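A.B. asks: start.pdb (PDB, C-alpha atoms) pasted underneath:
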ATOM      1  CA  MET A   1    -223.492 105.264  14.508  1.00  0.00           C
ATOM      2  CA  HIS A   2    -223.227 101.804  13.007  1.00  0.00           C
ATOM      3  CA  ALA A   3    -223.350 103.052   9.386  1.00  0.00           C
ATOM      4  CA  ALA A   4    -219.948 104.727   9.745  1.00  0.00           C
ATOM      5  CA  ARG A   5    -218.177 101.434  10.454  1.00  0.00           C
ATOM      6  CA  ASP A   6    -220.101  99.062   8.210  1.00  0.00           C
ATOM      7  CA  PRO A   7    -219.981  99.696   4.435  1.00  0.00           C
ATOM      8  CA  ALA A   8    -223.252  97.821   3.824  1.00  0.00           C
ATOM      9  CA  ALA A   9    -225.017  99.787   6.580  1.00  0.00           C
ATOM     10  CA  PHE A  10    -223.614 103.034   5.184  1.00  0.00           C
ATOM     11  CA  GLU A  11    -224.858 102.164   1.688  1.00  0.00           C
ATOM     12  CA  GLU A  12    -228.342 101.494   3.064  1.00  0.00           C
ATOM     13  CA  PHE A  13    -228.240 104.735   5.132  1.00  0.00           C
ATOM     14  CA  TYR A  14    -227.037 106.676   2.070  1.00  0.00           C
ATOM     15  CA  ARG A  15    -229.760 105.259  -0.200  1.00  0.00           C
ATOM     16  CA  ARG A  16    -232.413 106.042   2.423  1.00  0.00           C
ATOM     17  CA  HIS A  17    -231.343 109.693   2.797  1.00  0.00           C
ATOM     18  CA  ILE A  18    -229.710 110.794  -0.495  1.00  0.00           C
ATOM     19  CA  ASP A  19    -232.894 112.159  -2.097  1.00  0.00           C
ATOM     20  CA  GLY A  20    -233.896 114.138   0.987  1.00  0.00           C
ATOM     21  CA  VAL A  21    -230.420 115.633   1.428  1.00  0.00           C
ATOM     22  CA  THR A  22    -230.184 116.498  -2.281  1.00  0.00           C
ATOM     23  CA  ARG A  23    -233.592 118.241  -2.086  1.00  0.00           C
ATOM     24  CA  PHE A  24    -232.485 120.080   1.065  1.00  0.00           C
ATOM     25  CA  VAL A  25    -229.354 121.401  -0.683  1.00  0.00           C
ATOM     26  CA  ALA A  26    -231.116 122.120  -4.020  1.00  0.00           C
ATOM     27  CA  ARG A  27    -233.631 124.369  -2.227  1.00  0.00           C
ATOM     28  CA  ARG A  28    -230.758 126.502  -1.022  1.00  0.00           C
ATOM     29  CA  ILE A  29    -228.248 126.324  -3.890  1.00  0.00           C
ATOM     30  CA  ALA A  30    -228.891 126.847  -7.616  1.00  0.00           C
ATOM     31  CA  ASP A  31    -225.618 125.505  -9.095  1.00  0.00           C
ATOM     32  CA  PRO A  32    -225.841 121.765  -9.978  1.00  0.00           C
ATOM     33  CA  HIS A  33    -222.095 121.199  -9.450  1.00  0.00           C
ATOM     34  CA  LEU A  34    -222.267 122.791  -6.016  1.00  0.00           C
ATOM     35  CA  VAL A  35    -225.399 120.794  -5.127  1.00  0.00           C
ATOM     36  CA  ALA A  36    -223.528 117.578  -5.971  1.00  0.00           C
ATOM     37  CA  ASP A  37    -220.419 118.645  -4.033  1.00  0.00           C
ATOM     38  CA  LEU A  38    -222.305 119.770  -0.920  1.00  0.00           C
ATOM     39  CA  THR A  39    -224.512 116.681  -0.889  1.00  0.00           C
ATOM     40  CA  ALA A  40    -221.387 114.519  -0.920  1.00  0.00           C
ATOM     41  CA  GLU A  41    -219.850 116.738   1.768  1.00  0.00           C
ATOM     42  CA  VAL A  42    -222.887 116.185   4.008  1.00  0.00           C
ATOM     43  CA  PHE A  43    -222.320 112.432   3.924  1.00  0.00           C
ATOM     44  CA  LEU A  44    -218.564 112.832   4.481  1.00  0.00           C
ATOM     45  CA  ALA A  45    -219.295 115.073   7.485  1.00  0.00           C
ATOM     46  CA  MET A  46    -221.764 112.458   8.722  1.00  0.00           C
ATOM     47  CA  LEU A  47    -219.034 109.807   8.601  1.00  0.00           C
ATOM     48  CA  ASP A  48    -216.599 112.121  10.412  1.00  0.00           C
ATOM     49  CA  SER A  49    -219.075 112.914  13.183  1.00  0.00           C
ATOM     50  CA  ALA A  50    -220.839 109.540  13.449  1.00  0.00           C
ATOM     51  CA  ASP A  51    -219.529 109.059  16.993  1.00  0.00           C
ATOM     52  CA  SER A  52    -221.427 112.201  18.074  1.00  0.00           C
ATOM     53  CA  TYR A  53    -224.831 110.762  17.121  1.00  0.00           C
ATOM     54  CA  ARG A  54    -227.029 109.947  20.109  1.00  0.00           C
ATOM     55  CA  ALA A  55    -230.357 108.278  19.311  1.00  0.00           C
ATOM     56  CA  GLY A  56    -231.836 109.604  22.549  1.00  0.00           C
ATOM     57  CA  ARG A  57    -231.380 113.190  21.368  1.00  0.00           C
ATOM     58  CA  GLY A  58    -233.356 112.790  18.130  1.00  0.00           C
ATOM     59  CA  SER A  59    -233.768 110.792  14.953  1.00  0.00           C
ATOM     60  CA  GLU A  60    -230.975 110.128  12.492  1.00  0.00           C
ATOM     61  CA  THR A  61    -232.896 112.287   9.992  1.00  0.00           C
ATOM     62  CA  ALA A  62    -232.875 115.306  12.294  1.00  0.00           C
ATOM     63  CA  TRP A  63    -229.189 114.760  13.014  1.00  0.00           C
ATOM     64  CA  LEU A  64    -228.386 114.466   9.293  1.00  0.00           C
ATOM     65  CA  TYR A  65    -230.370 117.644   8.466  1.00  0.00           C
ATOM     66  CA  GLY A  66    -228.447 119.457  11.197  1.00  0.00           C
ATOM     67  CA  ILE A  67    -225.229 118.413   9.447  1.00  0.00           C
ATOM     68  CA  ALA A  68    -226.653 119.460   6.060  1.00  0.00           C
ATOM     69  CA  ARG A  69    -227.644 122.856   7.439  1.00  0.00           C
ATOM     70  CA  ASN A  70    -224.126 123.364   8.804  1.00  0.00           C
ATOM     71  CA  VAL A  71    -222.522 122.310   5.515  1.00  0.00           C
ATOM     72  CA  VAL A  72    -224.695 124.757   3.536  1.00  0.00           C
ATOM     73  CA  SER A  73    -224.020 127.573   6.030  1.00  0.00           C
ATOM     74  CA  VAL A  74    -220.284 127.004   5.771  1.00  0.00           C
ATOM     75  CA  GLU A  75    -220.565 127.178   1.986  1.00  0.00           C
ATOM     76  CA  TRP A  76    -222.504 130.456   2.105  1.00  0.00           C
ATOM     77  CA  ARG A  77    -219.828 131.994   4.347  1.00  0.00           C
ATOM     78  CA  ARG A  78    -217.057 130.692   2.091  1.00  0.00           C
ATOM     79  CA  ALA A  79    -218.739 132.010  -1.042  1.00  0.00           C
ATOM     80  CA  ALA A  80    -219.172 135.440   0.524  1.00  0.00           C
ATOM     81  CA  ARG A  81    -215.405 135.643   1.065  1.00  0.00           C
ATOM     82  CA  GLU A  82    -214.361 134.476  -2.398  1.00  0.00           C
ATOM     83  CA  SER A  83    -214.643 135.900  -5.842  1.00  0.00           C
ATOM     84  CA  GLN A  84    -217.674 134.336  -7.533  1.00  0.00           C
ATOM     85  CA  ALA A  85    -215.911 133.847 -10.841  1.00  0.00           C
ATOM     86  CA  THR A  86    -212.961 132.026  -9.245  1.00  0.00           C
ATOM     87  CA  HIS A  87    -214.863 129.661  -6.993  1.00  0.00           C
ATOM     88  CA  ARG A  88    -217.245 128.437  -9.731  1.00  0.00           C
ATOM     89  CA  ILE A  89    -214.375 126.768 -11.582  1.00  0.00           C
ATOM     90  CA  ALA A  90    -211.793 125.848  -8.929  1.00  0.00           C
ATOM     91  CA  GLY A  91    -211.652 122.317  -7.624  1.00  0.00           C
ATOM     92  CA  ARG A  92    -214.832 121.037  -9.192  1.00  0.00           C
ATOM     93  CA  ARG A  93    -215.083 117.540 -10.426  1.00  0.00           C
ATOM     94  CA  LEU A  94    -216.558 117.298 -13.885  1.00  0.00           C
ATOM     95  CA  LEU A  95    -220.101 115.981 -13.999  1.00  0.00           C
ATOM     96  CA  GLU A  96    -221.417 113.845 -16.765  1.00  0.00           C
ATOM     97  CA  PRO A  97    -224.105 115.512 -18.919  1.00  0.00           C
ATOM     98  CA  ASP A  98    -226.731 113.173 -17.422  1.00  0.00           C
ATOM     99  CA  ASP A  99    -225.681 114.219 -13.907  1.00  0.00           C
ATOM    100  CA  VAL A 100    -225.958 117.904 -14.819  1.00  0.00           C
ATOM    101  CA  ALA A 101    -229.358 117.351 -16.445  1.00  0.00           C
ATOM    102  CA  ARG A 102    -230.641 115.419 -13.419  1.00  0.00           C
ATOM    103  CA  LEU A 103    -229.417 118.102 -11.002  1.00  0.00           C
ATOM    104  CA  GLU A 104    -230.828 120.896 -13.180  1.00  0.00           C
ATOM    105  CA  GLU A 105    -234.201 119.109 -13.118  1.00  0.00           C
ATOM    106  CA  ARG A 106    -233.968 118.899  -9.323  1.00  0.00           C
ATOM    107  CA  ILE A 107    -233.025 122.585  -9.118  1.00  0.00           C
ATOM    108  CA  ASP A 108    -235.935 123.517 -11.414  1.00  0.00           C
ATOM    109  CA  ALA A 109    -238.294 121.390  -9.298  1.00  0.00           C
ATOM    110  CA  GLU A 110    -237.187 123.327  -6.223  1.00  0.00           C
ATOM    111  CA  ALA A 111    -237.548 126.790  -7.862  1.00  0.00           C
ATOM    112  CA  ALA A 112    -240.820 127.507  -6.069  1.00  0.00           C
ATOM    113  CA  ALA A 113    -239.220 126.551  -2.759  1.00  0.00           C
ATOM    114  CA  ARG A 114    -236.360 129.001  -3.436  1.00  0.00           C
ATOM    115  CA  HIS A 115    -238.974 131.684  -4.194  1.00  0.00           C
ATOM    116  CA  HIS A 116    -240.753 130.940  -0.921  1.00  0.00           C
ATOM    117  CA  ARG A 117    -237.398 130.998   0.843  1.00  0.00           C
ATOM    118  CA  ALA A 118    -236.842 134.513  -0.463  1.00  0.00           C
ATOM    119  CA  ALA A 119    -240.254 135.520   0.908  1.00  0.00           C
ATOM    120  CA  LEU A 120    -239.275 134.037   4.261  1.00  0.00           C
ATOM    121  CA  ALA A 121    -236.050 136.057   4.310  1.00  0.00           C
ATOM    122  CA  GLU A 122    -237.751 138.778   6.309  1.00  0.00           C
ATOM    123  CA  LEU A 123    -238.155 136.454   9.299  1.00  0.00           C
ATOM    124  CA  PRO A 124    -235.494 136.326  12.019  1.00  0.00           C
ATOM    125  CA  GLU A 125    -233.021 133.501  11.366  1.00  0.00           C
ATOM    126  CA  GLY A 126    -234.235 131.279  14.211  1.00  0.00           C
ATOM    127  CA  GLU A 127    -237.867 131.447  13.121  1.00  0.00           C
ATOM    128  CA  ARG A 128    -237.002 130.958   9.468  1.00  0.00           C
ATOM    129  CA  ALA A 129    -234.875 127.891  10.255  1.00  0.00           C
ATOM    130  CA  VAL A 130    -237.705 126.205  12.176  1.00  0.00           C
ATOM    131  CA  VAL A 131    -240.218 126.889   9.373  1.00  0.00           C
ATOM    132  CA  GLU A 132    -237.835 125.436   6.776  1.00  0.00           C
ATOM    133  CA  LEU A 133    -237.135 122.275   8.733  1.00  0.00           C
ATOM    134  CA  VAL A 134    -240.747 121.632   9.805  1.00  0.00           C
ATOM    135  CA  VAL A 135    -242.680 122.741   6.750  1.00  0.00           C
ATOM    136  CA  VAL A 136    -240.291 122.379   3.841  1.00  0.00           C
ATOM    137  CA  ASP A 137    -238.102 119.486   4.992  1.00  0.00           C
ATOM    138  CA  GLN A 138    -241.025 117.822   6.832  1.00  0.00           C
ATOM    139  CA  LEU A 139    -239.251 117.177  10.117  1.00  0.00           C
ATOM    140  CA  THR A 140    -241.279 117.087  13.301  1.00  0.00           C
ATOM    141  CA  VAL A 141    -240.942 120.077  15.624  1.00  0.00           C
ATOM    142  CA  ALA A 142    -238.870 117.890  17.971  1.00  0.00           C
ATOM    143  CA  GLU A 143    -236.584 116.815  15.116  1.00  0.00           C
ATOM    144  CA  ALA A 144    -236.201 120.437  13.983  1.00  0.00           C
ATOM    145  CA  ALA A 145    -235.294 121.401  17.544  1.00  0.00           C
ATOM    146  CA  THR A 146    -232.633 118.679  17.571  1.00  0.00           C
ATOM    147  CA  ALA A 147    -231.239 119.809  14.202  1.00  0.00           C
ATOM    148  CA  LEU A 148    -231.042 123.411  15.483  1.00  0.00           C
ATOM    149  CA  GLY A 149    -229.718 122.488  18.910  1.00  0.00           C
ATOM    150  CA  ILE A 150    -232.646 124.067  20.780  1.00  0.00           C
ATOM    151  CA  ARG A 151    -235.411 122.756  23.033  1.00  0.00           C
ATOM    152  CA  PRO A 152    -238.690 121.603  21.455  1.00  0.00           C
ATOM    153  CA  VAL A 153    -240.681 124.287  23.286  1.00  0.00           C
ATOM    154  CA  ALA A 154    -238.404 126.979  21.821  1.00  0.00           C
ATOM    155  CA  ALA A 155    -238.947 125.490  18.350  1.00  0.00           C
ATOM    156  CA  ARG A 156    -242.747 125.569  18.841  1.00  0.00           C
ATOM    157  CA  VAL A 157    -242.600 129.225  19.942  1.00  0.00           C
ATOM    158  CA  ARG A 158    -240.448 130.152  16.940  1.00  0.00           C
ATOM    159  CA  LEU A 159    -242.781 128.300  14.575  1.00  0.00           C
ATOM    160  CA  HIS A 160    -245.819 130.060  16.050  1.00  0.00           C
ATOM    161  CA  ARG A 161    -244.156 133.485  15.682  1.00  0.00           C
ATOM    162  CA  ALA A 162    -243.102 132.731  12.118  1.00  0.00           C
ATOM    163  CA  ARG A 163    -246.590 131.626  11.085  1.00  0.00           C
ATOM    164  CA  LYS A 164    -248.101 134.737  12.675  1.00  0.00           C
ATOM    165  CA  ALA A 165    -245.632 136.999  10.832  1.00  0.00           C
ATOM    166  CA  LEU A 166    -246.207 135.200   7.514  1.00  0.00           C
ATOM    167  CA  ARG A 167    -249.971 135.453   7.884  1.00  0.00           C
ATOM    168  CA  ALA A 168    -249.665 139.193   8.565  1.00  0.00           C
ATOM    169  CA  ALA A 169    -247.403 139.621   5.529  1.00  0.00           C
ATOM    170  CA  ALA A 170    -249.822 137.673   3.305  1.00  0.00           C
ATOM    171  CA  LYS A 171    -252.750 139.734   4.565  1.00  0.00           C
ATOM    172  CA  HIS A 172    -250.841 142.950   3.911  1.00  0.00           C
ATOM    173  CA  ALA A 173    -249.964 141.756   0.382  1.00  0.00           C
ATOM    174  CA  GLU A 174    -253.616 140.931  -0.330  1.00  0.00           C
ATOM    175  CA  GLN A 175    -254.770 144.334   0.963  1.00  0.00           C
ATOM    176  CA  SER A 176    -252.225 146.164  -1.142  1.00  0.00           C
ATOM    177  CA  GLY A 177    -253.275 144.303  -4.281  1.00  0.00           C
ATOM    178  CA  GLY A 178    -250.532 141.647  -4.241  1.00  0.00           C
ATOM    179  CA  SER A 179    -251.167 138.125  -5.388  1.00  0.00           C
ATOM    180  CA  SER A 180    -251.902 135.426  -2.871  1.00  0.00           C
ATOM    181  CA  GLY A 181    -251.674 132.538  -5.341  1.00  0.00           C
ATOM    182  CA  SER A 182    -249.784 129.431  -4.372  1.00  0.00           C
ATOM    183  CA  ASP A 183    -246.751 130.269  -6.574  1.00  0.00           C
ATOM    184  CA  THR A 184    -246.116 133.559  -4.767  1.00  0.00           C
ATOM    185  CA  ASP A 185    -247.651 133.086  -1.331  1.00  0.00           C
ATOM    186  CA  PRO A 186    -245.151 131.803   1.238  1.00  0.00           C
ATOM    187  CA  LEU A 187    -248.102 130.634   3.320  1.00  0.00           C
ATOM    188  CA  SER A 188    -249.257 128.238   0.625  1.00  0.00           C
ATOM    189  CA  TYR A 189    -247.109 125.549   2.226  1.00  0.00           C
ATOM    190  CA  VAL A 190    -247.348 126.823   5.809  1.00  0.00           C
ATOM    191  CA  ARG A 191    -251.165 126.797   5.947  1.00  0.00           C
ATOM    192  CA  GLY A 192    -251.392 123.034   5.569  1.00  0.00           C
ATOM    193  CA  ASN A 193    -249.401 122.573   8.754  1.00  0.00           C
ATOM    194  CA  ALA A 194    -250.983 125.361  10.824  1.00  0.00           C
TER     195      ALA A 194
END
What would the structure in this file look like if it were written as structure tokens?

C.D. replies:
Amino acid sequence: MHAARDPAAFEEFYRRHIDGVTRFVARRIADPHLVADLTAEVFLAMLDSADSYRAGRGSETAWLYGIARNVVSVEWRRAARESQATHRIAGRRLLEPDDVARLEERIDAEAAARHHRAALAELPEGERAVVELVVVDQLTVAEAATALGIRPVAARVRLHRARKALRAAAKHAEQSGGSSGSDTDPLSYVRGNA
């Protein structure tokens, strides 16, 4: 990838993708310091693996979201092994108050997405990952397949199964007196893409 060798191209690539990657991480992580660190780590990992990018296998966005997904997954595994109190302080760079405020605003803006993510937790991992990439991160099914390392037909099947399961869950919630409003209904953002 050209952006890894050319500082001006990297700056343009970074500016084009920073907001999307930050949103991706903020939907999955609620700590502003960790959001900043992981977002930076995504771009460092992109530079390290730039030689592995093949335009014929998918867009740069799908490739970058695949890297972001891996970076977040690694963090979740790391956090599960460490004491929560220790890892929140160790090795963090200090953020300026404006940086913290900006990241807290981003985290607050993604609160509904984190709620929907919790509702999607009942889905098998493969189905949940396709729904997140297609519906939440707005990748095409082909781009989501590339990010997940699966074939597009497998991604379409997983998306179909996930939508069917979410519709059944929403119907069950409505029948048992649960709310189906857009703040609590995980289908509120799936329906538009059905």

A.B. asks: Could you jot down the CA of Ala145 (chain A) to CA of Arg78 (chain A) separation for me, Å, one decimal place?

C.D. replies: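 Those two atoms sit 25.6 Å apart.
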
A.B. asks: Enumerate, as a list in words, the residues matched when the PyMOL selection byres ((chain A and resi 136-140) around 9) is run on the file above.

C.D. replies: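 With the shown file as input, the PyMOL selection byres ((chain A and resi 136-140) around 9) matches Gly20, Arg23, Phe24, Thr61, Ala62, Tyr65, Ala113, Val131, Glu132, Leu133, Val134, Val135, Val141, Ala142, Glu143, Ala144, Ala145, Tyr189 and Val190 of chain A.
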
A.B. asks: Could you save the residues just selected, with C-alpha atoms, as an mmCIF file, in the frame of the given file?

C.D. replies:
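Result written to result_15.cif:
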data_model
loop_
_atom_site.group_PDB
_atom_site.id
_atom_site.type_symbol
_atom_site.label_atom_id
_atom_site.label_comp_id
_atom_site.auth_asym_id
_atom_site.auth_seq_id
_atom_site.Cartn_x
_atom_site.Cartn_y
_atom_site.Cartn_z
ATOM 1 C CA GLY A 20 -233.896 114.138 0.987
ATOM 2 C CA ARG A 23 -233.592 118.241 -2.086
ATOM 3 C CA PHE A 24 -232.485 120.080 1.065
ATOM 4 C CA THR A 61 -232.896 112.287 9.992
ATOM 5 C CA ALA A 62 -232.875 115.306 12.294
ATOM 6 C CA TYR A 65 -230.370 117.644 8.466
ATOM 7 C CA ALA A 113 -239.220 126.551 -2.759
ATOM 8 C CA VAL A 131 -240.218 126.889 9.373
ATOM 9 C CA GLU A 132 -237.835 125.436 6.776
ATOM 10 C CA LEU A 133 -237.135 122.275 8.733
ATOM 11 C CA VAL A 134 -240.747 121.632 9.805
ATOM 12 C CA VAL A 135 -242.680 122.741 6.750
ATOM 13 C CA VAL A 141 -240.942 120.077 15.624
ATOM 14 C CA ALA A 142 -238.870 117.890 17.971
ATOM 15 C CA GLU A 143 -236.584 116.815 15.116
ATOM 16 C CA ALA A 144 -236.201 120.437 13.983
ATOM 17 C CA ALA A 145 -235.294 121.401 17.544
ATOM 18 C CA TYR A 189 -247.109 125.549 2.226
ATOM 19 C CA VAL A 190 -247.348 126.823 5.809
#

A.B. asks: Which is closest to Glu127 (chain A) among A:Ala154, A:Phe13, A:Arg69, A:Glu82, if we use all atoms listed in the file?

C.D. replies: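 With all atoms listed in the file as the atom set, the closest residue is A:Ala154.
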
A.B. asks: Could you give me, as an mmCIF file with C-alpha atoms, keeping the file's coordinate frame, the residues within 9 Å of Thr22 (chain A), counting only C-alpha atoms and dropping anything in the same chain fewer than 2 positions from it?

C.D. replies:
data_model
loop_
_atom_site.group_PDB
_atom_site.id
_atom_site.type_symbol
_atom_site.label_atom_id
_atom_site.label_comp_id
_atom_site.auth_asym_id
_atom_site.auth_seq_id
_atom_site.Cartn_x
_atom_site.Cartn_y
_atom_site.Cartn_z
ATOM 1 C CA HIS A 17 -231.343 109.693 2.797
ATOM 2 C CA ILE A 18 -229.710 110.794 -0.495
ATOM 3 C CA ASP A 19 -232.894 112.159 -2.097
ATOM 4 C CA GLY A 20 -233.896 114.138 0.987
ATOM 5 C CA PHE A 24 -232.485 120.080 1.065
ATOM 6 C CA VAL A 25 -229.354 121.401 -0.683
ATOM 7 C CA ALA A 26 -231.116 122.120 -4.020
ATOM 8 C CA ARG A 27 -233.631 124.369 -2.227
ATOM 9 C CA VAL A 35 -225.399 120.794 -5.127
ATOM 10 C CA ALA A 36 -223.528 117.578 -5.971
ATOM 11 C CA LEU A 38 -222.305 119.770 -0.920
ATOM 12 C CA THR A 39 -224.512 116.681 -0.889
ATOM 13 C CA LEU A 103 -229.417 118.102 -11.002
ATOM 14 C CA ARG A 106 -233.968 118.899 -9.323
#

A.B. asks: With the file shown as input, list the residues that the PyMOL selection byres ((chain A and resi 71-75) around 9) selects, as a list in words.

C.D. replies: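 For this structure, the PyMOL selection byres ((chain A and resi 71-75) around 9) captures Val25, Arg28, Ile29, Leu38, Thr39, Glu41, Val42, Ala45, Gly66, Ile67, Ala68, Arg69, Asn70, Trp76, Arg77, Arg78, Ala79 and Ala80 of chain A.
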
A.B. asks: Please write out, as lines of an AutoDock Vina configuration file, where the centre of an axis-aligned box around all listed atoms of region 119-127 of chain A lies and how long its edges are, in Å to one decimal, after adding 3 Å on each side.

C.D. replies:
center_x = -236.6
center_y = 135.0
center_z = 7.6
size_x = 13.2
size_y = 13.5
size_z = 19.3

A.B. asks: What separation in Å, quoted to one decimal, exists between CA of Arg167 (chain A) and CA of Ile150 (chain A)?

C.D. replies: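 Taking CA of Arg167 (chain A) and CA of Ile150 (chain A), their separation equals 24.4 Å.
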
A.B. asks: I'd like to see the residues matched by the PyMOL selection byres ((chain A and resi 93-100) around 9) on this file, and ideally I'd get them as a list in words.

C.D. replies: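 That selection, the PyMOL selection byres ((chain A and resi 93-100) around 9), comes back as Pro32, His33, Ala36, Asp37, Gly91, Arg92, Ala101, Arg102, Leu103, Glu104 and Glu105 of chain A.
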
A.B. asks: Near Ala165 (chain A), counting all atoms listed in the file, which residues have an atom at most 10 Å away, once you skip same-chain residues fewer than 5 positions from it, shown as a ChimeraX atom specification?

C.D. replies: /A:120,122-123,127,159-160,170-171

A.B. asks: So the first atom is CA of Ala40 (chain A) and the second is CA of Pro152 (chain A); what is the distance between them in Å, to one decimal place?

C.D. replies: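 Atom-to-atom, CA of Ala40 (chain A) to CA of Pro152 (chain A), that is 29.2 Å.
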
A.B. asks: Do you know which residues are at most 12 Å from Arg5 (chain A) counting all atoms listed in the file, after dropping those on the same chain fewer than 5 positions away, and could you put them as an MDAnalysis selection string?

C.D. replies: chainID A and resid 10:11 13 46:51

A.B. asks: Tell me which of A:Val130, A:Ala147, A:Ala162, A:Ala30 sits closest to Gly58 (chain A), counting only C-alpha atoms.

C.D. replies: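 Looking only at the distances to Gly58 (chain A), the closest residue turns out to be A:Ala147.
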
A.B. asks: Of the candidates A:Arg151, A:Glu110, A:Thr146, A:Ala8, which one gets nearest to Arg54 (chain A) if we count only C-alpha atoms?

C.D. replies: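 Looking only at the distances to Arg54 (chain A), the closest residue turns out to be A:Thr146.
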